[in-house]
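Enquirer: The following block contains the structure, expressed as structure tokens.
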Amino acid sequence: MKIVLTIILATYNLVAQEVPQDFLSYLIHHDKLDHGKGWELHTTFGPLRYQQLTPKENVYDTLNVKYRIGFNGETIDFKNNATIYGELNYTFKKYFYGFLYYRIVSDPNEKARYSGIPRDISRFGFSSGETDLSGMGYENEWILLQFGRGRQSWGAGKNIILAFSDMSAPYEYGMLGLKINKFRYRFVNGFLETYNNSQRYLSARGLEYKNNESLFFSLSEIVIYSGKNRSVDIAYLNPVSTHLEIELNDKQNRIGTDSGNAVWQASVDFIAKNKFRLSGNFLVDEFAIDKSERDMGKDHGLAYSIRTVYILPALNIKNILPFNHSFSLSYIKVNTNTFRHERVSDIITGEITGYNNFVHRGDPLGWEYGSDGEEVKLGYNFSDHRLFLGSLNIGSRKIGSNSIIFNPYQYYTEYTKGPFPSGTVNKTNFLSGQFKLKWKNYLNIYADIEYCSSNIFDDNYQVKIGFDFFITNRVL
């Protein structure tokens, strides 16, 4: 009872702008984008915000409060899991806002994007709680200022984000955004974690160009830097600085070229006459430019992803109008050592580490399978963009033994060309299906199933069935 009261009381004081990924509205919005809807507010700098769903909600001169309190129950492979959550946001004087999304779970290992630490004791079956999203900010037509807890998602396309995904564990960050005519600028600095007494930070900056409402192109730089007893680096707080200029000129608070790791990404998102969507990302971590490096056999540290969507004509089915559906085809490839940094010797302790890798809380910051792998997937997607959505997918995935999902804080030992994927390769063919339905204004139900056939592990399948019961004053 104390847990439930804590959530209810908290939601009367704090609230949210970013849309939790668990909500049906989040998934429906991304399917709408595939059909050319909502592109006037679209951006490659995520995650999804409520202003992109219902922009007219943020026009009040007085205090406007939206809340949602719910209970999520599900069975995963016939093991029960439960979540109590509270979500709330407020806007004030049109432009000021605050937000909170809190989860208390019975099994932390079975909850997506969850990084809370389980306690030795439980209350009413619940063993862990964590703030997934929280913060406050100011946003008008040309500037965005925000500080809080959450995650960023930079790149184009659904489920093909490479380095900076909204499926990672949450972290604290401050953000500056500018919007001038067809250009959008985004600047983020944050704290990831303390790992083995070393502090790990991120710094990112990106520029996006929007050509009317059909083409988006962006360039971005994302940096991870770390060190034992290292404070926030003032050099990276410069919104127009770059990693190479700072590091090569010894402007950081840890001198040398091994105190940080940067990747550079180009992204494009295009839709043609609401019939065809093309999304792609190309990322550079290391690039063997010098002839001496190529002669030594040094490999590039690259990653790229592409997704195409062919939009089928809407079907008119009785009581389901319209029935939107599409085919999608995606491919992702991340090289063996991409997102992994060379061995770093801390200038204070002399310790050899790999703490500049693109991971957080032991999991990738970007693509959920990390690195040293590739995936191709064909999907059929359907939704009425109001009450339900679903998908059927078939694909193949190869993951090498040097992926950062297996040893996330291990540095790379060499950057030479070799077999890809490397080492022992897990080759998996999969078939999956998902379906989510808004049954009532206070109840959603869902079912997911996946079958996998691997050359290393036994064939297996996972079945997830669940419901989400909630009370809210938000128009859904």
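Chain labels follow the order of the structure tokens: the first chain is A, the next B, and so on; residue numbering restarts at 1 in every chain, and ligands are counted from 1 in their shown order.
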Excluding region 465-468 of chain A and residues on its chain fewer than 6 positions from it, collect all residues at most 8 Å away from it, counting only C-alpha atoms, and give them as a list in words.
Expert: Gly70, Phe71, Asn72, Gly73, Glu74, Thr75, Ile76, Leu443, Asn444, Ile445, Tyr446, Ala447 and Asp448 of chain A
Enquirer: Given only C-alpha atoms as the basis, pick out the residue of A:Lys210, A:His385, A:Arg205, A:Lys158 nearest to Gly280 (chain A).
Expert: A:Lys158
Enquirer: If I take CA of Asn426 (chain A) and CA of Ile332 (chain A), how far is one from the other in Å, to one decimal?
Expert: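 Answer for the CA of Asn426 (chain A) to CA of Ile332 (chain A) separation: 15.8 Å.
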Enquirer: Name the residues of region 43-244 of chain A that come out as strand (DSSP E) in a backbone DSSP run; write them as a compact mmCIF listing (two decimals) with N, CA and C atoms, in the first residue's frame.
Expert:
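This is the output file part18.txt:
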```
# COMPACT_ATOMS: atom_id res chain seq x y z
N PHE A 45 16.08 13.67 -34.20
CA PHE A 45 16.56 13.81 -32.83
C PHE A 45 15.43 13.43 -31.88
N GLY A 46 15.39 12.16 -31.49
CA GLY A 46 14.38 11.68 -30.58
C GLY A 46 14.84 11.77 -29.14
N ASN A 64 -1.56 23.19 -16.73
CA ASN A 64 -2.25 22.08 -17.37
C ASN A 64 -1.57 20.79 -16.96
N VAL A 65 -2.32 19.89 -16.32
CA VAL A 65 -1.74 18.67 -15.76
C VAL A 65 -2.39 17.46 -16.40
N LYS A 66 -1.56 16.51 -16.86
CA LYS A 66 -2.02 15.23 -17.38
C LYS A 66 -1.37 14.11 -16.57
N TYR A 67 -2.15 13.08 -16.26
CA TYR A 67 -1.60 12.00 -15.45
C TYR A 67 -2.09 10.64 -15.96
N ARG A 68 -1.36 9.62 -15.55
CA ARG A 68 -1.75 8.24 -15.83
C ARG A 68 -1.15 7.35 -14.74
N ILE A 69 -1.97 6.57 -14.08
CA ILE A 69 -1.53 5.63 -13.05
C ILE A 69 -2.04 4.26 -13.45
N GLY A 70 -1.16 3.27 -13.45
CA GLY A 70 -1.59 1.98 -13.97
C GLY A 70 -0.91 0.78 -13.36
N PHE A 71 -1.45 -0.37 -13.75
CA PHE A 71 -0.91 -1.67 -13.36
C PHE A 71 -0.74 -2.52 -14.60
N ASN A 72 0.44 -3.03 -14.81
CA ASN A 72 0.75 -3.87 -15.96
C ASN A 72 1.04 -5.28 -15.47
N GLY A 73 0.31 -6.24 -15.98
CA GLY A 73 0.55 -7.64 -15.63
C GLY A 73 0.81 -8.45 -16.88
N GLU A 74 1.81 -9.30 -16.84
CA GLU A 74 2.13 -10.10 -18.02
C GLU A 74 2.70 -11.44 -17.63
N THR A 75 2.60 -12.38 -18.56
CA THR A 75 3.18 -13.71 -18.41
C THR A 75 4.21 -13.89 -19.52
N ILE A 76 5.47 -14.13 -19.14
CA ILE A 76 6.55 -14.35 -20.09
C ILE A 76 7.03 -15.78 -19.93
N LYS A 79 5.87 -17.34 -16.82
CA LYS A 79 6.33 -16.76 -15.56
C LYS A 79 5.70 -15.38 -15.43
N ASN A 80 5.06 -15.14 -14.28
CA ASN A 80 4.31 -13.90 -14.10
C ASN A 80 5.24 -12.74 -13.73
N ASN A 81 4.91 -11.56 -14.27
CA ASN A 81 5.66 -10.35 -13.98
C ASN A 81 4.65 -9.20 -13.87
N ALA A 82 4.87 -8.31 -12.91
CA ALA A 82 3.92 -7.22 -12.67
C ALA A 82 4.66 -5.90 -12.51
N THR A 83 3.99 -4.82 -12.91
CA THR A 83 4.56 -3.47 -12.81
C THR A 83 3.48 -2.50 -12.37
N ILE A 84 3.80 -1.69 -11.38
CA ILE A 84 2.98 -0.54 -11.01
C ILE A 84 3.70 0.71 -11.52
N TYR A 85 2.98 1.61 -12.18
CA TYR A 85 3.66 2.78 -12.73
C TYR A 85 2.81 4.04 -12.53
N GLY A 86 3.49 5.16 -12.54
CA GLY A 86 2.83 6.46 -12.51
C GLY A 86 3.48 7.37 -13.53
N GLU A 87 2.67 8.04 -14.35
CA GLU A 87 3.18 8.95 -15.38
C GLU A 87 2.35 10.23 -15.33
N LEU A 88 3.02 11.36 -15.43
CA LEU A 88 2.33 12.63 -15.31
C LEU A 88 3.17 13.72 -15.95
N ASN A 89 2.56 14.67 -16.60
CA ASN A 89 3.29 15.84 -17.06
C ASN A 89 2.46 17.09 -16.86
N TYR A 90 3.13 18.22 -16.78
CA TYR A 90 2.43 19.48 -16.67
C TYR A 90 3.05 20.50 -17.62
N THR A 91 2.26 21.43 -18.05
CA THR A 91 2.75 22.60 -18.78
C THR A 91 2.22 23.84 -18.07
N PHE A 92 2.99 24.91 -18.09
CA PHE A 92 2.63 26.14 -17.39
C PHE A 92 3.08 27.34 -18.22
N PHE A 96 6.66 26.25 -20.13
CA PHE A 96 7.35 25.53 -19.06
C PHE A 96 6.69 24.17 -18.85
N TYR A 97 7.50 23.17 -18.55
CA TYR A 97 6.94 21.83 -18.35
C TYR A 97 7.82 21.03 -17.39
N GLY A 98 7.24 19.95 -16.88
CA GLY A 98 7.97 19.01 -16.05
C GLY A 98 7.41 17.62 -16.26
N PHE A 99 8.14 16.59 -15.88
CA PHE A 99 7.66 15.25 -16.17
C PHE A 99 8.24 14.19 -15.23
N LEU A 100 7.51 13.09 -15.10
CA LEU A 100 7.93 11.95 -14.30
C LEU A 100 7.26 10.68 -14.83
N TYR A 101 8.02 9.63 -14.93
CA TYR A 101 7.49 8.29 -15.24
C TYR A 101 8.26 7.31 -14.38
N TYR A 102 7.55 6.68 -13.44
CA TYR A 102 8.16 5.83 -12.43
C TYR A 102 7.61 4.41 -12.54
N ARG A 103 8.49 3.41 -12.35
CA ARG A 103 8.06 2.01 -12.43
C ARG A 103 8.53 1.23 -11.20
N ILE A 104 7.66 0.41 -10.66
CA ILE A 104 8.00 -0.55 -9.61
C ILE A 104 7.68 -1.93 -10.15
N VAL A 105 8.64 -2.84 -10.12
CA VAL A 105 8.51 -4.11 -10.81
C VAL A 105 8.73 -5.29 -9.88
N SER A 128 11.81 -3.96 -6.78
CA SER A 128 12.68 -2.90 -7.28
C SER A 128 11.85 -1.76 -7.87
N GLY A 129 12.38 -0.54 -7.76
CA GLY A 129 11.72 0.61 -8.35
C GLY A 129 12.74 1.54 -9.00
N GLU A 130 12.32 2.24 -10.04
CA GLU A 130 13.25 3.13 -10.75
C GLU A 130 12.48 4.24 -11.46
N THR A 131 13.05 5.44 -11.45
CA THR A 131 12.54 6.54 -12.27
C THR A 131 13.06 6.36 -13.68
N ASP A 132 12.17 6.14 -14.62
CA ASP A 132 12.56 5.93 -16.01
C ASP A 132 12.72 7.25 -16.75
N LEU A 133 11.80 8.19 -16.51
CA LEU A 133 11.84 9.51 -17.11
C LEU A 133 11.51 10.55 -16.05
N SER A 134 12.23 11.66 -16.04
CA SER A 134 11.90 12.75 -15.13
C SER A 134 12.67 13.99 -15.55
N GLY A 135 12.16 15.15 -15.16
CA GLY A 135 12.87 16.38 -15.44
C GLY A 135 11.95 17.56 -15.63
N MET A 136 12.53 18.66 -16.05
CA MET A 136 11.76 19.87 -16.34
C MET A 136 12.45 20.64 -17.46
N GLY A 137 11.70 21.56 -18.08
CA GLY A 137 12.29 22.29 -19.19
C GLY A 137 11.45 23.45 -19.65
N TYR A 138 11.95 24.09 -20.68
CA TYR A 138 11.29 25.22 -21.32
C TYR A 138 11.41 25.03 -22.83
N GLU A 139 10.29 25.18 -23.54
CA GLU A 139 10.31 25.02 -24.99
C GLU A 139 9.34 25.99 -25.65
N ILE A 143 13.53 27.51 -29.25
CA ILE A 143 14.53 27.02 -28.30
C ILE A 143 13.94 25.97 -27.37
N LEU A 144 14.76 25.01 -27.00
CA LEU A 144 14.41 23.95 -26.05
C LEU A 144 15.52 23.83 -25.03
N LEU A 145 15.16 23.93 -23.74
CA LEU A 145 16.09 23.72 -22.64
C LEU A 145 15.49 22.68 -21.71
N GLN A 146 16.25 21.64 -21.41
CA GLN A 146 15.71 20.57 -20.57
C GLN A 146 16.81 19.94 -19.74
N PHE A 147 16.47 19.59 -18.50
CA PHE A 147 17.38 18.83 -17.65
C PHE A 147 16.58 17.76 -16.93
N GLY A 148 17.12 16.54 -16.93
CA GLY A 148 16.40 15.47 -16.26
C GLY A 148 17.02 14.11 -16.53
N ARG A 149 16.17 13.10 -16.43
CA ARG A 149 16.59 11.72 -16.59
C ARG A 149 15.80 11.09 -17.73
N GLY A 150 16.49 10.32 -18.56
CA GLY A 150 15.83 9.66 -19.66
C GLY A 150 16.85 9.09 -20.61
N SER A 153 17.58 9.36 -28.62
CA SER A 153 17.49 8.44 -29.76
C SER A 153 17.75 9.23 -31.02
N TRP A 154 18.99 9.19 -31.50
CA TRP A 154 19.39 9.99 -32.66
C TRP A 154 19.58 9.08 -33.86
N TYR A 171 19.57 7.67 -18.16
CA TYR A 171 20.70 8.38 -17.58
C TYR A 171 20.32 9.85 -17.41
N GLU A 172 21.11 10.58 -16.62
CA GLU A 172 20.86 12.00 -16.40
C GLU A 172 21.54 12.83 -17.48
N TYR A 173 20.85 13.87 -17.97
CA TYR A 173 21.45 14.71 -19.00
C TYR A 173 20.78 16.08 -19.03
N GLY A 174 21.52 17.04 -19.58
CA GLY A 174 20.97 18.35 -19.91
C GLY A 174 20.96 18.53 -21.41
N MET A 175 19.99 19.26 -21.94
CA MET A 175 19.83 19.35 -23.39
C MET A 175 19.49 20.78 -23.82
N LEU A 176 20.10 21.19 -24.92
CA LEU A 176 19.80 22.45 -25.59
C LEU A 176 19.37 22.15 -27.01
N GLY A 177 18.26 22.72 -27.42
CA GLY A 177 17.80 22.56 -28.79
C GLY A 177 17.47 23.91 -29.40
N LEU A 178 17.83 24.09 -30.67
CA LEU A 178 17.52 25.31 -31.40
C LEU A 178 16.85 24.95 -32.72
N LYS A 179 15.87 25.75 -33.10
CA LYS A 179 15.18 25.53 -34.37
C LYS A 179 15.07 26.85 -35.10
N ILE A 180 15.74 26.95 -36.25
CA ILE A 180 15.75 28.17 -37.05
C ILE A 180 15.42 27.81 -38.49
N PHE A 183 16.41 24.43 -40.15
CA PHE A 183 17.51 23.79 -39.43
C PHE A 183 17.14 23.57 -37.97
N ARG A 184 17.62 22.46 -37.44
CA ARG A 184 17.43 22.13 -36.04
C ARG A 184 18.79 21.70 -35.46
N TYR A 185 19.14 22.25 -34.30
CA TYR A 185 20.40 21.91 -33.64
C TYR A 185 20.09 21.29 -32.29
N ARG A 186 20.84 20.24 -31.93
CA ARG A 186 20.63 19.57 -30.65
C ARG A 186 21.97 19.34 -29.96
N PHE A 187 22.03 19.62 -28.66
CA PHE A 187 23.26 19.52 -27.87
C PHE A 187 22.91 18.87 -26.54
N VAL A 188 23.63 17.80 -26.19
CA VAL A 188 23.34 17.01 -24.99
C VAL A 188 24.62 16.72 -24.23
N ASN A 189 24.60 16.89 -22.91
CA ASN A 189 25.68 16.45 -22.04
C ASN A 189 25.06 15.68 -20.88
N GLY A 190 25.66 14.54 -20.54
CA GLY A 190 25.06 13.73 -19.50
C GLY A 190 26.06 12.88 -18.74
N PHE A 191 25.57 12.33 -17.65
CA PHE A 191 26.34 11.41 -16.81
C PHE A 191 25.75 10.01 -16.95
N LEU A 192 26.59 9.04 -17.31
CA LEU A 192 26.12 7.68 -17.47
C LEU A 192 26.13 6.92 -16.15
N GLU A 193 27.32 6.72 -15.57
CA GLU A 193 27.42 5.88 -14.39
C GLU A 193 28.81 5.97 -13.80
N THR A 194 28.94 5.46 -12.58
CA THR A 194 30.24 5.21 -11.98
C THR A 194 30.49 3.70 -12.02
N TYR A 195 31.54 3.30 -12.70
CA TYR A 195 31.85 1.88 -12.87
C TYR A 195 33.27 1.64 -12.38
N SER A 198 35.28 4.62 -11.64
CA SER A 198 35.52 5.52 -12.77
C SER A 198 34.21 6.15 -13.20
N GLN A 199 34.24 7.46 -13.45
CA GLN A 199 33.05 8.17 -13.88
C GLN A 199 32.96 8.18 -15.41
N ARG A 200 31.76 7.92 -15.93
CA ARG A 200 31.55 7.83 -17.36
C ARG A 200 30.50 8.87 -17.79
N TYR A 201 30.83 9.64 -18.84
CA TYR A 201 29.98 10.73 -19.30
C TYR A 201 29.73 10.60 -20.80
N LEU A 202 28.71 11.32 -21.26
CA LEU A 202 28.45 11.42 -22.69
C LEU A 202 28.29 12.87 -23.08
N SER A 203 28.64 13.18 -24.31
CA SER A 203 28.47 14.51 -24.88
C SER A 203 28.13 14.35 -26.36
N ALA A 204 27.08 15.02 -26.82
CA ALA A 204 26.64 14.84 -28.20
C ALA A 204 26.13 16.16 -28.77
N ARG A 205 26.33 16.33 -30.05
CA ARG A 205 25.86 17.51 -30.76
C ARG A 205 25.46 17.09 -32.18
N GLY A 206 24.41 17.70 -32.69
CA GLY A 206 23.95 17.33 -34.03
C GLY A 206 23.22 18.46 -34.72
N LEU A 207 23.25 18.44 -36.04
CA LEU A 207 22.59 19.44 -36.87
C LEU A 207 21.71 18.73 -37.89
N GLU A 208 20.46 19.18 -37.99
CA GLU A 208 19.49 18.55 -38.88
C GLU A 208 18.94 19.57 -39.87
N TYR A 209 18.76 19.14 -41.12
CA TYR A 209 18.14 19.96 -42.16
C TYR A 209 16.83 19.30 -42.59
N LYS A 210 15.79 20.08 -42.66
CA LYS A 210 14.47 19.59 -43.06
C LYS A 210 14.03 20.28 -44.34
N ASN A 211 13.79 19.51 -45.39
CA ASN A 211 13.30 20.04 -46.67
C ASN A 211 11.80 19.80 -46.72
N LEU A 215 11.80 15.23 -46.41
CA LEU A 215 13.20 14.84 -46.34
C LEU A 215 13.87 15.44 -45.11
N PHE A 216 14.56 14.57 -44.36
CA PHE A 216 15.35 15.00 -43.20
C PHE A 216 16.76 14.47 -43.37
N PHE A 217 17.73 15.33 -43.09
CA PHE A 217 19.13 14.91 -43.15
C PHE A 217 19.84 15.49 -41.93
N SER A 218 20.61 14.67 -41.23
CA SER A 218 21.29 15.14 -40.03
C SER A 218 22.71 14.59 -39.94
N LEU A 219 23.57 15.38 -39.30
CA LEU A 219 24.94 14.99 -38.98
C LEU A 219 25.12 15.13 -37.47
N SER A 220 25.76 14.16 -36.84
CA SER A 220 25.91 14.22 -35.39
C SER A 220 27.23 13.60 -34.95
N GLU A 221 27.67 14.05 -33.77
CA GLU A 221 28.85 13.50 -33.11
C GLU A 221 28.44 13.11 -31.69
N ILE A 222 28.82 11.91 -31.28
CA ILE A 222 28.50 11.41 -29.95
C ILE A 222 29.79 10.94 -29.29
N VAL A 223 30.05 11.42 -28.08
CA VAL A 223 31.31 11.16 -27.38
C VAL A 223 31.04 10.49 -26.04
N ILE A 224 31.83 9.48 -25.71
CA ILE A 224 31.88 8.90 -24.37
C ILE A 224 33.26 9.18 -23.80
N TYR A 225 33.33 9.79 -22.62
CA TYR A 225 34.63 9.99 -21.98
C TYR A 225 34.54 9.57 -20.52
N SER A 226 35.68 9.17 -19.95
CA SER A 226 35.66 8.58 -18.62
C SER A 226 37.00 8.77 -17.93
N GLY A 227 37.05 8.39 -16.67
CA GLY A 227 38.29 8.44 -15.90
C GLY A 227 38.00 8.30 -14.42
N LYS A 228 38.95 7.75 -13.71
CA LYS A 228 38.78 7.59 -12.27
C LYS A 228 38.82 8.96 -11.61
```
Enquirer: Rounded to one decimal in Å, what is the spacing between CA of Gly433 (chain A) and CA of Asp363 (chain A)?
Expert: 24.5 Å
Enquirer: Which neighbours of Asn357 (chain A) fall inside 10 Å, counting only C-alpha atoms, when residues of the same chain fewer than 5 positions from it are skipped, and could you give them as a list in words?
Expert: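 Close residues of Asn357 (chain A): Arg200, Val223, Ile224, Tyr225, Ser226, Gly260, Asn261, Ala262, Asn337, Thr338, Phe339, Arg340, His341, Glu342, Pro364, Leu365, Ile404, Pro408, Tyr409, Gln410, Tyr411 and Tyr412 of chain A.
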Enquirer: Find the residue from A:Asp120, A:Asp233, A:Asp458, A:Asp372 that sits nearest to Pro421 (chain A); use only C-alpha atoms when measuring.
Expert: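 Among the listed residues, the smallest separation from Pro421 (chain A) belongs to A:Asp372.
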Enquirer: Using DSSP on the backbone coordinates, identify all residues within region 208-324 of chain A classified as alpha helix (DSSP H); present the result as a list in words.
Expert: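 Alpha helix (DSSP H) members of region 208-324 of chain A, listed: His243, Leu244, Glu245, Ile246, Glu247, Leu248, Lys291, Ser292, Glu293, Arg294 and Asp295 of chain A.
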Enquirer: With N, CA, C and O atoms retained, could you export that selection as a compact mmCIF listing (two decimals), in the first residue's frame?
Expert:
```
# COMPACT_ATOMS: atom_id res chain seq x y z
N HIS A 243 35.03 16.76 -30.77
CA HIS A 243 35.89 15.85 -30.02
C HIS A 243 37.34 15.92 -30.50
O HIS A 243 38.27 15.99 -29.69
N LEU A 244 37.56 15.90 -31.81
CA LEU A 244 38.92 15.88 -32.34
C LEU A 244 39.66 17.17 -31.98
O LEU A 244 40.84 17.14 -31.60
N GLU A 245 38.99 18.31 -32.10
CA GLU A 245 39.65 19.58 -31.78
C GLU A 245 40.03 19.63 -30.30
O GLU A 245 41.12 20.08 -29.94
N ILE A 246 39.13 19.15 -29.44
CA ILE A 246 39.40 19.16 -28.00
C ILE A 246 40.54 18.21 -27.66
O ILE A 246 41.49 18.57 -26.95
N GLU A 247 40.48 16.99 -28.17
CA GLU A 247 41.43 15.96 -27.78
C GLU A 247 42.82 16.19 -28.38
O GLU A 247 43.84 16.08 -27.68
N LEU A 248 42.89 16.53 -29.65
CA LEU A 248 44.20 16.70 -30.30
C LEU A 248 44.93 17.95 -29.81
O LEU A 248 46.16 18.04 -29.93
N LYS A 291 47.91 5.58 -45.44
CA LYS A 291 48.41 4.42 -46.15
C LYS A 291 49.15 3.47 -45.21
O LYS A 291 49.06 2.24 -45.34
N SER A 292 49.85 4.03 -44.22
CA SER A 292 50.57 3.18 -43.28
C SER A 292 49.62 2.29 -42.49
O SER A 292 49.92 1.13 -42.19
N GLU A 293 48.44 2.83 -42.14
CA GLU A 293 47.44 2.04 -41.41
C GLU A 293 46.88 0.93 -42.30
O GLU A 293 46.70 -0.21 -41.86
N ARG A 294 46.63 1.28 -43.55
CA ARG A 294 46.10 0.27 -44.47
C ARG A 294 47.13 -0.82 -44.73
O ARG A 294 46.79 -2.01 -44.85
N ASP A 295 48.39 -0.44 -44.82
CA ASP A 295 49.45 -1.42 -45.05
C ASP A 295 49.57 -2.39 -43.89
O ASP A 295 49.94 -3.56 -44.06
```
Enquirer: Measuring atom to atom with only C-alpha atoms, identify which of A:Ser279, A:Gln17, A:Thr353, A:Ser328 is nearest to Leu392 (chain A).
Expert: A:Ser328
Enquirer: Pick the closest to Ser403 (chain A) from A:Thr428, A:Thr336, A:Asn181, A:Thr257: which is it, counting only C-alpha atoms?
Expert: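 Answer, going by the shortest atom-to-atom distance: A:Thr336.
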Enquirer: Quick one: everything within 7 Å of Asp166 (chain A), counting only C-alpha atoms, minus sequence neighbours fewer than 4 positions away in the same chain. Send it as a PDB file with all heavy atoms, in the first residue's frame.
Expert:
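File part_22.pdb, as written:
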```pdb
ATOM      1  N   PRO A  47      14.031  11.255 -28.197  1.00  0.00           N
ATOM      2  CA  PRO A  47      12.869  10.388 -28.428  1.00  0.00           C
ATOM      3  C   PRO A  47      11.579  11.158 -28.693  1.00  0.00           C
ATOM      4  O   PRO A  47      11.568  12.393 -28.708  1.00  0.00           O
ATOM      5  CB  PRO A  47      12.777   9.610 -27.110  1.00  0.00           C
ATOM      6  CG  PRO A  47      13.258  10.584 -26.087  1.00  0.00           C
ATOM      7  CD  PRO A  47      14.360  11.358 -26.770  1.00  0.00           C
ATOM      8  N   ARG A 151      16.598   9.214 -21.896  1.00  0.00           N
ATOM      9  CA  ARG A 151      17.506   8.687 -22.914  1.00  0.00           C
ATOM     10  C   ARG A 151      17.277   9.437 -24.214  1.00  0.00           C
ATOM     11  O   ARG A 151      16.203  10.015 -24.423  1.00  0.00           O
ATOM     12  CB  ARG A 151      17.273   7.185 -23.115  1.00  0.00           C
ATOM     13  CG  ARG A 151      15.818   6.855 -23.314  1.00  0.00           C
ATOM     14  CD  ARG A 151      15.554   5.378 -23.372  1.00  0.00           C
ATOM     15  NE  ARG A 151      15.718   4.696 -22.116  1.00  0.00           N
ATOM     16  CZ  ARG A 151      14.809   4.699 -21.129  1.00  0.00           C
ATOM     17  NH1 ARG A 151      13.709   5.392 -21.262  1.00  0.00           N
ATOM     18  NH2 ARG A 151      15.004   4.015 -20.028  1.00  0.00           N
ATOM     19  N   GLN A 152      18.264   9.444 -25.075  1.00  0.00           N
ATOM     20  CA  GLN A 152      18.155  10.066 -26.381  1.00  0.00           C
ATOM     21  C   GLN A 152      18.117   8.987 -27.467  1.00  0.00           C
ATOM     22  O   GLN A 152      18.568   7.864 -27.251  1.00  0.00           O
ATOM     23  CB  GLN A 152      19.325  11.015 -26.625  1.00  0.00           C
ATOM     24  CG  GLN A 152      19.291  12.271 -25.770  1.00  0.00           C
ATOM     25  CD  GLN A 152      18.173  13.199 -26.167  1.00  0.00           C
ATOM     26  OE1 GLN A 152      18.219  13.877 -27.180  1.00  0.00           O
ATOM     27  NE2 GLN A 152      17.127  13.247 -25.347  1.00  0.00           N
ATOM     28  N   SER A 153      17.576   9.356 -28.623  1.00  0.00           N
ATOM     29  CA  SER A 153      17.486   8.436 -29.755  1.00  0.00           C
ATOM     30  C   SER A 153      17.749   9.235 -31.021  1.00  0.00           C
ATOM     31  O   SER A 153      16.847   9.886 -31.548  1.00  0.00           O
ATOM     32  CB  SER A 153      16.104   7.781 -29.792  1.00  0.00           C
ATOM     33  OG  SER A 153      15.964   6.943 -30.921  1.00  0.00           O
TER      34      SER A 153
END
```
Enquirer: Using only C-alpha atoms, can you tell me which of A:Leu33, A:Val425, A:Val240, A:Val376 comes closest to Ile306 (chain A)?
Expert: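 Of the candidates, the smallest distance to Ile306 (chain A) is held by A:Val376.
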